[in-house]
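Data block below; observations after.
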Amino acid sequence: MTGKLYEMTANLGGFVTGIFAAALSLFSIAMRTFRGVFRFRGRAQGEVLKQMYLIGNRSLIFVTVTLGALGMVLVFQVCLQINKITGDQSQVGPEFIKGMIHAFVPILTAMMLATRVGAGIAAETGSMVVTEQIDALRMTGVDPVDFILVPRFIASVVMTFVLGVYAMVIVIVAGAFMAHSSFGVNYNVFFVFDKVTGGDLFIGSLKLIVHGGAIPIVAGYCGLTTGRGSEGVGNATTRAVINSSLAVIIIDFIISGVGLLTVQKI
Amino acid sequence: MITLKNVSCKMSGKQILDGITATFNKGEIWGIIGPPGCGKSMLMKLICGLYPVTDGDLYIESENIAGMSEVRLVPVRRKIGMLFQNNALFDFMNVWENVAFPLSRMNSGLSPEEIRLKAFERLKAVGLGGSEEKMPSELSGGMRKRVGVARAIITEPPVIIYDEPTAGLDPVTTSKIYDLLNEIQSRSQSVVLTISSDIIGLRSFVKNILFINEGKILYCGPEQEIDHCTDPVVYQFLRGLDEGPL
Amino acid sequence: MYNLIAKIGEGALNLCHETGGLLHLLFMVIKSLFPPRFDPGEFLRNLYKMGVKSVPIIILTAFFTGGIMVIQASVFVKRFGATSLVGWGAGYAVFREVGPILLGLMFSGRVGSNNTAELGTMVVTEQIDGLKALGIDPMQYLIVPRVLSMIIMLFLLTIIGDVIAIVGAALFGILIADVSFAAFWTSFSQNVHVADVVHGLIKAGVFGFIVSLTSCYAGMTVRGGAVGVGRAVNNAVVTAALGIVISDYFLTYSLS
C-alpha cells in the first residue's frame, strides 16, 4: 500500500516536473524568438519573404475552400433558425459580418493554419533535428531559434493576418451567396457594415496577430524537441498540430473574454 | 589541447558516460571505438558542447567548457570542425553554400566572394569540382561525405571530429575517404578524433585508440599496443569472437 | 505556358492518384467488413488508445469552445438585452456546428496524425512487410480496427464534448456574461432539441470516418524515412481538415 502510494507520488512528481520543464523550455524558445525579432536587421529578409510565399502558397486554396464552406454553413444554420422564429432575415447580414470579424474568422483561420503551417514547421525542424542539421548549425555558432524560427515567426504573423483578412472577405461573400440563393436575402440587405465597431476590428486583428505568433513558437518548440528514431518526426508533427490548435483555442478564449469586458462592452 | 577530467554525463536518469579522463594533444590522431551505444558519439557531442557535461571538467585549449552558457560556447565551437554521422548537410542550401556556411558565420575578415572562392577550392580538393551548384539530395553517399569533410575543415579548426566517416560506403570509397583525411592531416596540425565501426580501416589511419564500453574507458593508448590489451571486452571486440562478455 | 499546362496536368494526375488510392483503401476496408474479418484484440487496444486517451484533450477543447461560444453570443445578446437567448444560441451552435467541427479537428490532430505517424513508422521500418511475410493481412490487423475505432470513438467523444461544452458555456455565462444559470437552462432546454444533437452526432460519425481513412492512407503510403513520416502527418491533417469542412457543408444541407 505505501509502496503504491509512494510510486503514485513519484509519478505525479515526475509529471509535474515534466510539465514545468516543458513550460520553461517553451518559454525560453518564445523569449529567444522575440529577442531574435528585435535583433532582426533584415539580414535574412530573403528568408522571410520565402517563408511568407510558402505559407501563402500552401494555404491560399486551403483557406479559401475551408473558410468558404464554413461561411456558407454558418449562414445556413442561422437563417434556418431565424425562419423558425421570426422570419425576419434583415439582421442576418450585419450580425453575421460582425460575428465573423471579431470571433469566427480569427479562430477558424488560425485552427486551419495550425494544421497547415504548424505541422509543416514541426516536420521541417524535426527532420533537421534527426538529420543533425540543428547540431551542425549550433557548431557554427548559430542559434537554431534565430536562424530557423525567427523568419518563420515573422512570416507567420504577417501571413496569418493577411490570410485572415482574405478569409473574412471569402466568408462574407460565401455567406451572402448562401443567404441570397437559399433564403432570398438581398445582397444590399446583407452587405451592411455599420454594426462593425472599432472594438470588433481591434479584437479580430489582435487575435489574428497573436495566433499567428503562437503557432510557429509552439510548433517550433515541438520540432526542436524531436526525439531520435524513425518515429520522432511523426510524433513531433502530431504534438505540433494538437498543441498549436489548443494554444489557439485557449488564446482565443482569453482574448474574447477580455475583449467582452473591455472594448466590446456596451 | 583537449583534456577530460572525470567527465560524466547523464541523460534522463541514465548514466551514459562515467568518469572519462583523457588528454588529446596537438597533432595526434585518435580513433574512438567501442560497441554500439557505448557513449562514443555522446563523448564527441560533449566535446563540442552540444550536450552539457553532468560532472567533471572538460578543457578545450585551457578553457573549461563544463557548465558554460550557449553564448560563451560559440567561440569554442568555432575551434571545432565536425563531420556528422549522417553528414548533416543543410538541405536548403546547395553544395558550396553548405561548405561556405561555417566560414561566413565567423569574423574571418574575408569578403563573400573570397569565401565563395575558398569553398570552391576546398570542394576541388576533396574531388568535387563541378558539383558546387548541386543540392545535397542530388549527390551520392560518398559525395555527400566529401562535402561534409570539406565543410568540417573549411575554417582550418584546431580540432577536427569525424563521426563515422566511412559508414555505409563501399570499400573503394572508404579507402579514398581515408586517403583524403590523411592528406588533410598532413597539411594541418589539428587534433583529430575519429569514431568508426570499421576497425581495420580506422587502425590504418589513427595513431592512438580510446576504447569505451558502457560509458567507461577500457583502453587508452597507442594503436599498436591495443592488441596486447588483456581486457576481455577489448579482446573479444577486436577479434570479433563469439565467446566473451559482450 | 507549356510549364503551366504541365503543372496543371501534374496536379490533376496527383489528385486522381490520391483519390483512387483513398477509394481503393475504402474498398479494401469494406471488403474486410463483410463478413467481418479483423483482429478483435487490436480493435480493443485501439479503442482504448484512441478513445480513452483522448478524453482530456476533448474535455479541454470542449470546455473552452463552450466558453468562446457564450462570449460571442453575449456580444450579440447584450445589445438586445436578450439574455434569454444565450443558452439557446450556445447550445444550438455547439451541438450542430462548432462542436463537431472543432472536436473533429482536434481528434484529427491527436488521433489521426498519431495514427499516420505510427503506420508511417511501420512502413519505413519495414514492419508492414514483416507482417505480410508472417501471413498476416495488414488490412485486417492494422487498418480495419483503426478505422472502426476512430469512427466509434469520435462519435462517443463528441457526446462527452457536447456535455462539457454546455457546462463550460453555462459556467462562463454566469462568470462573464451575467447570465444566471436558471435563465441559461430555461433557454437551453426549451429551444434546443434532440434533433440538434443528432444532427451533430451524425456529423461526428462521418468526420471520424474521414479522419480514419485519410490518416490510414497517408500512413500506408509514406516514403522517405523519418522525414517522410513528418511530411505524411502534415498531409494527413490537412486532407482531414479539408474533408471535414467540405463534408460538413454537404451534411448541413442534406440533414436539414
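Chain labels A, B, ... are given in the sequence in which chains occur in the C-alpha cells; within each chain residues are numbered consecutively from 1, and ligands are likewise numbered from 1 in the order shown.
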Write out as a list in words every residue belonging to chain A that has an atom at most 7 Å from any atom of chain C, counting only C-alpha atoms.
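Interface list for chain A against chain C: Thr66, Ala69, Leu70, Val73, Ala103, Thr115, Arg116, Ala119, Gly120, Ala123, Ser127, Ser230, Glu231, Val233, Gly234, Asn235, Thr237, Thr238, Val241, Ile242, Leu246, Ile249, Ile250, Phe253, Ser256, Gly257, Leu260 and Ile266 of chain A.
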Within 8 Å of segment 147-160 of chain B using only C-alpha atoms, minus same-chain residues under 5 positions, as a PyMOL selection string:
chain B and resi 26+78-84+87-89+95+98-103+118-119+122-123+126+128+188-193
Please produce an output containing C-alpha atoms for each residue in the selection, written as a CSV table (one decimal), in the first residue's frame.
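The resulting out_6.csv:
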chain,number,residue,atom,x,y,z
B,26,LYS,CA,48.0,18.8,-30.8
B,78,ARG,CA,34.2,27.5,-33.9
B,79,LYS,CA,37.5,25.9,-33.0
B,80,ILE,CA,36.0,22.5,-33.8
B,81,GLY,CA,35.2,21.1,-37.2
B,82,MET,CA,32.8,18.2,-37.2
B,83,LEU,CA,31.7,15.7,-39.7
B,84,PHE,CA,28.4,14.3,-38.6
B,87,ASN,CA,26.7,14.4,-42.8
B,88,ALA,CA,24.0,16.9,-41.6
B,89,LEU,CA,24.2,18.8,-44.8
B,95,VAL,CA,26.8,22.3,-52.0
B,98,ASN,CA,27.0,24.4,-47.3
B,99,VAL,CA,30.8,24.4,-47.3
B,100,ALA,CA,31.0,28.2,-47.1
B,101,PHE,CA,28.5,28.5,-44.3
B,102,PRO,CA,30.8,28.0,-41.2
B,103,LEU,CA,33.3,30.5,-42.7
B,118,LYS,CA,37.6,29.3,-50.8
B,119,ALA,CA,34.6,26.9,-50.7
B,122,ARG,CA,38.0,23.2,-50.9
B,123,LEU,CA,35.5,21.3,-52.9
B,126,VAL,CA,38.0,16.8,-52.0
B,128,LEU,CA,34.0,17.6,-56.1
B,188,SER,CA,47.4,20.7,-40.7
B,189,GLN,CA,48.4,20.1,-37.1
B,190,SER,CA,45.0,19.6,-35.7
B,191,VAL,CA,43.8,17.1,-33.1
B,192,VAL,CA,41.7,14.5,-35.0
B,193,LEU,CA,39.1,12.4,-33.2
Got a sec to tell me which of segment 25-186 of chain B DSSP assigns to strand (DSSP E or B), as number ranges by chain?
B: 29-33, 55-60, 63-64, 80-84, 87, 159-163
Which residues come within 7 Å of Gly223 of chain A, counting only C-alpha atoms, excluding same-chain residues fewer than 6 positions away, as a ChimeraX atom specification?
/A:122-123,125-126,236
Could you pull out the helix (DSSP H, G or I) residues of segment 29-222 of chain B, going by DSSP on the backbone, and write them as a ChimeraX atom specification?
/B:40-47,70-77,95-104,112-125,136-138,141-153,171-187,199-205
I'd like the interatomic distance between atom CA of Met135 of chain B and atom CA of Val74 of chain B, to a tenth of an Å.
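Distance reported for this atom pair: 27.5 Å.
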Quick check, in Å to one decimal: how far apart do atom CA of Ile217 of chain A and atom CA of Thr33 of chain A lie?
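Going from atom CA of Ile217 of chain A over to atom CA of Thr33 of chain A covers 7.7 Å.
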Which residue, B:Leu169, B:Gly127, B:Leu73, B:Ile161, has the smallest gap to Met44 of chain B when you use only C-alpha atoms?
B:Ile161
To one decimal place in Å, what is the distance between atom CA of Val263 of chain A and atom CA of Asp200 of chain A?
8.1 Å
Determine, counting only C-alpha atoms, which protein, DNA and RNA residues have an atom within 12 Å of an atom of Ser84 of chain C; residues of the same chain fewer than 3 positions away are not included. Present the result as a VMD selection string.
chain C and resid 73 to 74 77 to 78 80 to 81 87 to 90 173 177 to 191
Those same residues, written as an mmCIF file, in the first residue's frame with N, CA, C and O atoms?
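What ended up in part-v3.cif:
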data_model
loop_
_atom_site.group_PDB
_atom_site.id
_atom_site.type_symbol
_atom_site.label_atom_id
_atom_site.label_comp_id
_atom_site.auth_asym_id
_atom_site.auth_seq_id
_atom_site.Cartn_x
_atom_site.Cartn_y
_atom_site.Cartn_z
ATOM 1 N N ALA C 73 -21.877 34.851 -28.136
ATOM 2 C CA ALA C 73 -23.328 35.030 -28.105
ATOM 3 C C ALA C 73 -23.675 36.276 -27.298
ATOM 4 O O ALA C 73 -24.575 37.037 -27.663
ATOM 5 N N SER C 74 -22.946 36.513 -26.209
ATOM 6 C CA SER C 74 -23.343 37.618 -25.347
ATOM 7 C C SER C 74 -22.967 38.967 -25.940
ATOM 8 O O SER C 74 -23.584 39.974 -25.616
ATOM 9 N N VAL C 77 -26.062 39.370 -27.739
ATOM 10 C CA VAL C 77 -27.252 39.396 -26.907
ATOM 11 C C VAL C 77 -27.337 40.654 -26.050
ATOM 12 O O VAL C 77 -28.393 41.228 -25.851
ATOM 13 N N LYS C 78 -26.176 41.126 -25.565
ATOM 14 C CA LYS C 78 -26.188 42.259 -24.644
ATOM 15 C C LYS C 78 -26.814 43.495 -25.271
ATOM 16 O O LYS C 78 -27.504 44.264 -24.621
ATOM 17 N N PHE C 80 -29.129 43.596 -27.378
ATOM 18 C CA PHE C 80 -30.583 43.472 -27.476
ATOM 19 C C PHE C 80 -31.226 43.196 -26.126
ATOM 20 O O PHE C 80 -32.430 43.058 -26.035
ATOM 21 N N GLY C 81 -30.378 43.015 -25.117
ATOM 22 C CA GLY C 81 -30.907 42.703 -23.788
ATOM 23 C C GLY C 81 -31.587 41.355 -23.730
ATOM 24 O O GLY C 81 -32.376 41.073 -22.834
ATOM 25 N N GLY C 87 -28.522 30.655 -23.778
ATOM 26 C CA GLY C 87 -28.479 29.197 -23.671
ATOM 27 C C GLY C 87 -28.842 28.535 -24.981
ATOM 28 O O GLY C 87 -28.185 27.601 -25.440
ATOM 29 N N TRP C 88 -29.844 29.098 -25.612
ATOM 30 C CA TRP C 88 -30.274 28.559 -26.891
ATOM 31 C C TRP C 88 -29.164 28.710 -27.939
ATOM 32 O O TRP C 88 -28.780 27.754 -28.607
ATOM 33 N N GLY C 89 -28.646 29.935 -28.053
ATOM 34 C CA GLY C 89 -27.619 30.209 -29.061
ATOM 35 C C GLY C 89 -26.408 29.312 -28.881
ATOM 36 O O GLY C 89 -25.930 28.679 -29.816
ATOM 37 N N ALA C 90 -25.910 29.258 -27.642
ATOM 38 C CA ALA C 90 -24.713 28.460 -27.391
ATOM 39 C C ALA C 90 -24.988 26.987 -27.673
ATOM 40 O O ALA C 90 -24.190 26.311 -28.325
ATOM 41 N N GLY C 173 -21.096 31.776 -18.884
ATOM 42 C CA GLY C 173 -22.252 32.653 -18.955
ATOM 43 C C GLY C 173 -22.472 33.358 -17.624
ATOM 44 O O GLY C 173 -22.707 34.564 -17.567
ATOM 45 N N ALA C 177 -20.777 36.755 -18.700
ATOM 46 C CA ALA C 177 -21.841 37.410 -19.457
ATOM 47 C C ALA C 177 -23.068 37.763 -18.612
ATOM 48 O O ALA C 177 -24.082 38.171 -19.164
ATOM 49 N N ASP C 178 -22.976 37.582 -17.290
ATOM 50 C CA ASP C 178 -24.102 37.944 -16.416
ATOM 51 C C ASP C 178 -25.397 37.223 -16.774
ATOM 52 O O ASP C 178 -26.472 37.802 -16.741
ATOM 53 N N VAL C 179 -25.271 35.959 -17.165
ATOM 54 C CA VAL C 179 -26.479 35.183 -17.451
ATOM 55 C C VAL C 179 -26.648 34.193 -16.305
ATOM 56 O O VAL C 179 -25.751 33.391 -16.064
ATOM 57 N N SER C 180 -27.749 34.232 -15.607
ATOM 58 C CA SER C 180 -27.924 33.325 -14.479
ATOM 59 C C SER C 180 -28.110 31.903 -14.994
ATOM 60 O O SER C 180 -28.528 31.695 -16.140
ATOM 61 N N PHE C 181 -27.773 30.945 -14.133
ATOM 62 C CA PHE C 181 -27.860 29.562 -14.557
ATOM 63 C C PHE C 181 -29.292 29.203 -14.926
ATOM 64 O O PHE C 181 -29.536 28.509 -15.916
ATOM 65 N N ALA C 182 -30.256 29.700 -14.153
ATOM 66 C CA ALA C 182 -31.659 29.373 -14.418
ATOM 67 C C ALA C 182 -32.074 29.885 -15.794
ATOM 68 O O ALA C 182 -32.694 29.163 -16.588
ATOM 69 N N ALA C 183 -31.683 31.118 -16.113
ATOM 70 C CA ALA C 183 -32.037 31.694 -17.412
ATOM 71 C C ALA C 183 -31.401 30.885 -18.527
ATOM 72 O O ALA C 183 -32.029 30.578 -19.550
ATOM 73 N N PHE C 184 -30.129 30.528 -18.308
ATOM 74 C CA PHE C 184 -29.414 29.736 -19.297
ATOM 75 C C PHE C 184 -30.134 28.419 -19.543
ATOM 76 O O PHE C 184 -30.391 28.020 -20.670
ATOM 77 N N TRP C 185 -30.464 27.760 -18.442
ATOM 78 C CA TRP C 185 -31.054 26.428 -18.535
ATOM 79 C C TRP C 185 -32.422 26.471 -19.208
ATOM 80 O O TRP C 185 -32.735 25.637 -20.061
ATOM 81 N N THR C 186 -33.253 27.448 -18.822
ATOM 82 C CA THR C 186 -34.578 27.550 -19.433
ATOM 83 C C THR C 186 -34.456 27.726 -20.942
ATOM 84 O O THR C 186 -35.082 27.002 -21.734
ATOM 85 N N SER C 187 -33.620 28.679 -21.299
ATOM 86 C CA SER C 187 -33.448 28.974 -22.717
ATOM 87 C C SER C 187 -32.916 27.760 -23.457
ATOM 88 O O SER C 187 -33.361 27.426 -24.556
ATOM 89 N N PHE C 188 -31.972 27.056 -22.806
ATOM 90 C CA PHE C 188 -31.348 25.892 -23.428
ATOM 91 C C PHE C 188 -32.351 24.759 -23.597
ATOM 92 O O PHE C 188 -32.543 24.218 -24.679
ATOM 93 N N SER C 189 -33.055 24.437 -22.495
ATOM 94 C CA SER C 189 -33.883 23.232 -22.532
ATOM 95 C C SER C 189 -35.150 23.434 -23.362
ATOM 96 O O SER C 189 -35.685 22.481 -23.913
ATOM 97 N N GLN C 190 -35.608 24.680 -23.480
ATOM 98 C CA GLN C 190 -36.834 24.890 -24.254
ATOM 99 C C GLN C 190 -36.602 24.959 -25.755
ATOM 100 O O GLN C 190 -37.474 24.616 -26.547
ATOM 101 N N ASN C 191 -35.391 25.408 -26.133
ATOM 102 C CA ASN C 191 -35.177 25.673 -27.560
ATOM 103 C C ASN C 191 -34.276 24.677 -28.269
ATOM 104 O O ASN C 191 -34.275 24.607 -29.482
#
Just checking: using only C-alpha atoms, which residue out of B:Leu218, B:Lys124, B:Asp91, B:Asn208 ends up closest to chain C?
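For chain C, the nearest of the given residues is B:Asp91.
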Which is closer to chain B than all the others in A:Gly198, A:Gly204, A:Pro144, A:Pro216, using only C-alpha atoms?
A:Pro144
Set the distance at 6 Å and use only C-alpha atoms: which residues neighbour Ala114 of chain A once local chain neighbours fewer than 2 positions away are removed? I'd like the list as a VMD selection string.
chain A and resid 110 to 112 116 to 118 215 244 to 245
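Nearest to Val211 of chain C of all the residues C:Arg146, C:Arg223, C:His24, C:Arg45 is C:Arg146, based on only C-alpha atoms.
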Excluding Ile177 of chain B and any residue of its chain fewer than 6 positions from it, enumerate the residues within 10 Å of it, using only C-alpha atoms, and give them as a list in words.
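Residues near the query, excluding close chain neighbours: Val126, Gly142, Met143, Lys145, Arg146, Val149, Pro165, Thr166, Leu169, Pro171 and Glu183 of chain B.
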Dump C-alpha atoms for the selected residues as a PDB file, in the first residue's frame?
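Written out: selection.pdb:
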ATOM      1  CA  VAL B 126      38.004  16.814 -51.973  1.00  0.00           C
ATOM      2  CA  GLY B 142      30.281   9.166 -50.870  1.00  0.00           C
ATOM      3  CA  MET B 143      29.992  12.624 -52.409  1.00  0.00           C
ATOM      4  CA  LYS B 145      30.528  12.594 -47.115  1.00  0.00           C
ATOM      5  CA  ARG B 146      33.155  14.587 -49.003  1.00  0.00           C
ATOM      6  CA  VAL B 149      34.501  16.765 -44.794  1.00  0.00           C
ATOM      7  CA  PRO B 165      33.474   8.971 -41.831  1.00  0.00           C
ATOM      8  CA  THR B 166      33.037   5.732 -43.795  1.00  0.00           C
ATOM      9  CA  LEU B 169      30.319   3.450 -48.049  1.00  0.00           C
ATOM     10  CA  PRO B 171      35.450  -0.336 -49.757  1.00  0.00           C
ATOM     11  CA  GLU B 183      46.129  14.306 -46.838  1.00  0.00           C
TER      12      GLU B 183
END
Excluding segment 57-59 of chain B and any residue of its chain fewer than 6 positions from it, enumerate the residues within 10 Å of it, using only C-alpha atoms, and give them as a PDB file with C-alpha atoms, in the first residue's frame.
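Final output, around14.pdb:
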ATOM      1  CA  MET B   1      44.725  20.669 -26.272  1.00  0.00           C
ATOM      2  CA  ILE B   2      41.657  18.722 -25.097  1.00  0.00           C
ATOM      3  CA  THR B   3      41.667  17.481 -21.537  1.00  0.00           C
ATOM      4  CA  LEU B   4      38.868  15.491 -19.927  1.00  0.00           C
ATOM      5  CA  LYS B   5      38.932  15.134 -16.156  1.00  0.00           C
ATOM      6  CA  ASN B   6      36.479  12.668 -14.704  1.00  0.00           C
ATOM      7  CA  VAL B   7      33.783  13.633 -17.208  1.00  0.00           C
ATOM      8  CA  SER B   8      30.346  12.093 -16.646  1.00  0.00           C
ATOM      9  CA  ILE B  20      36.169   9.695 -18.534  1.00  0.00           C
ATOM     10  CA  THR B  21      39.706  11.030 -18.104  1.00  0.00           C
ATOM     11  CA  ALA B  22      41.859  11.534 -21.182  1.00  0.00           C
ATOM     12  CA  THR B  23      44.098  14.026 -22.957  1.00  0.00           C
ATOM     13  CA  LEU B  46      30.162  16.764 -25.091  1.00  0.00           C
ATOM     14  CA  ILE B  47      33.460  17.976 -26.532  1.00  0.00           C
ATOM     15  CA  GLY B  49      29.409  21.489 -26.158  1.00  0.00           C
ATOM     16  CA  ILE B  65      33.508  24.242 -21.087  1.00  0.00           C
ATOM     17  CA  ALA B  66      31.650  22.335 -18.356  1.00  0.00           C
ATOM     18  CA  GLY B  67      28.609  24.408 -17.409  1.00  0.00           C
TER      19      GLY B  67
END
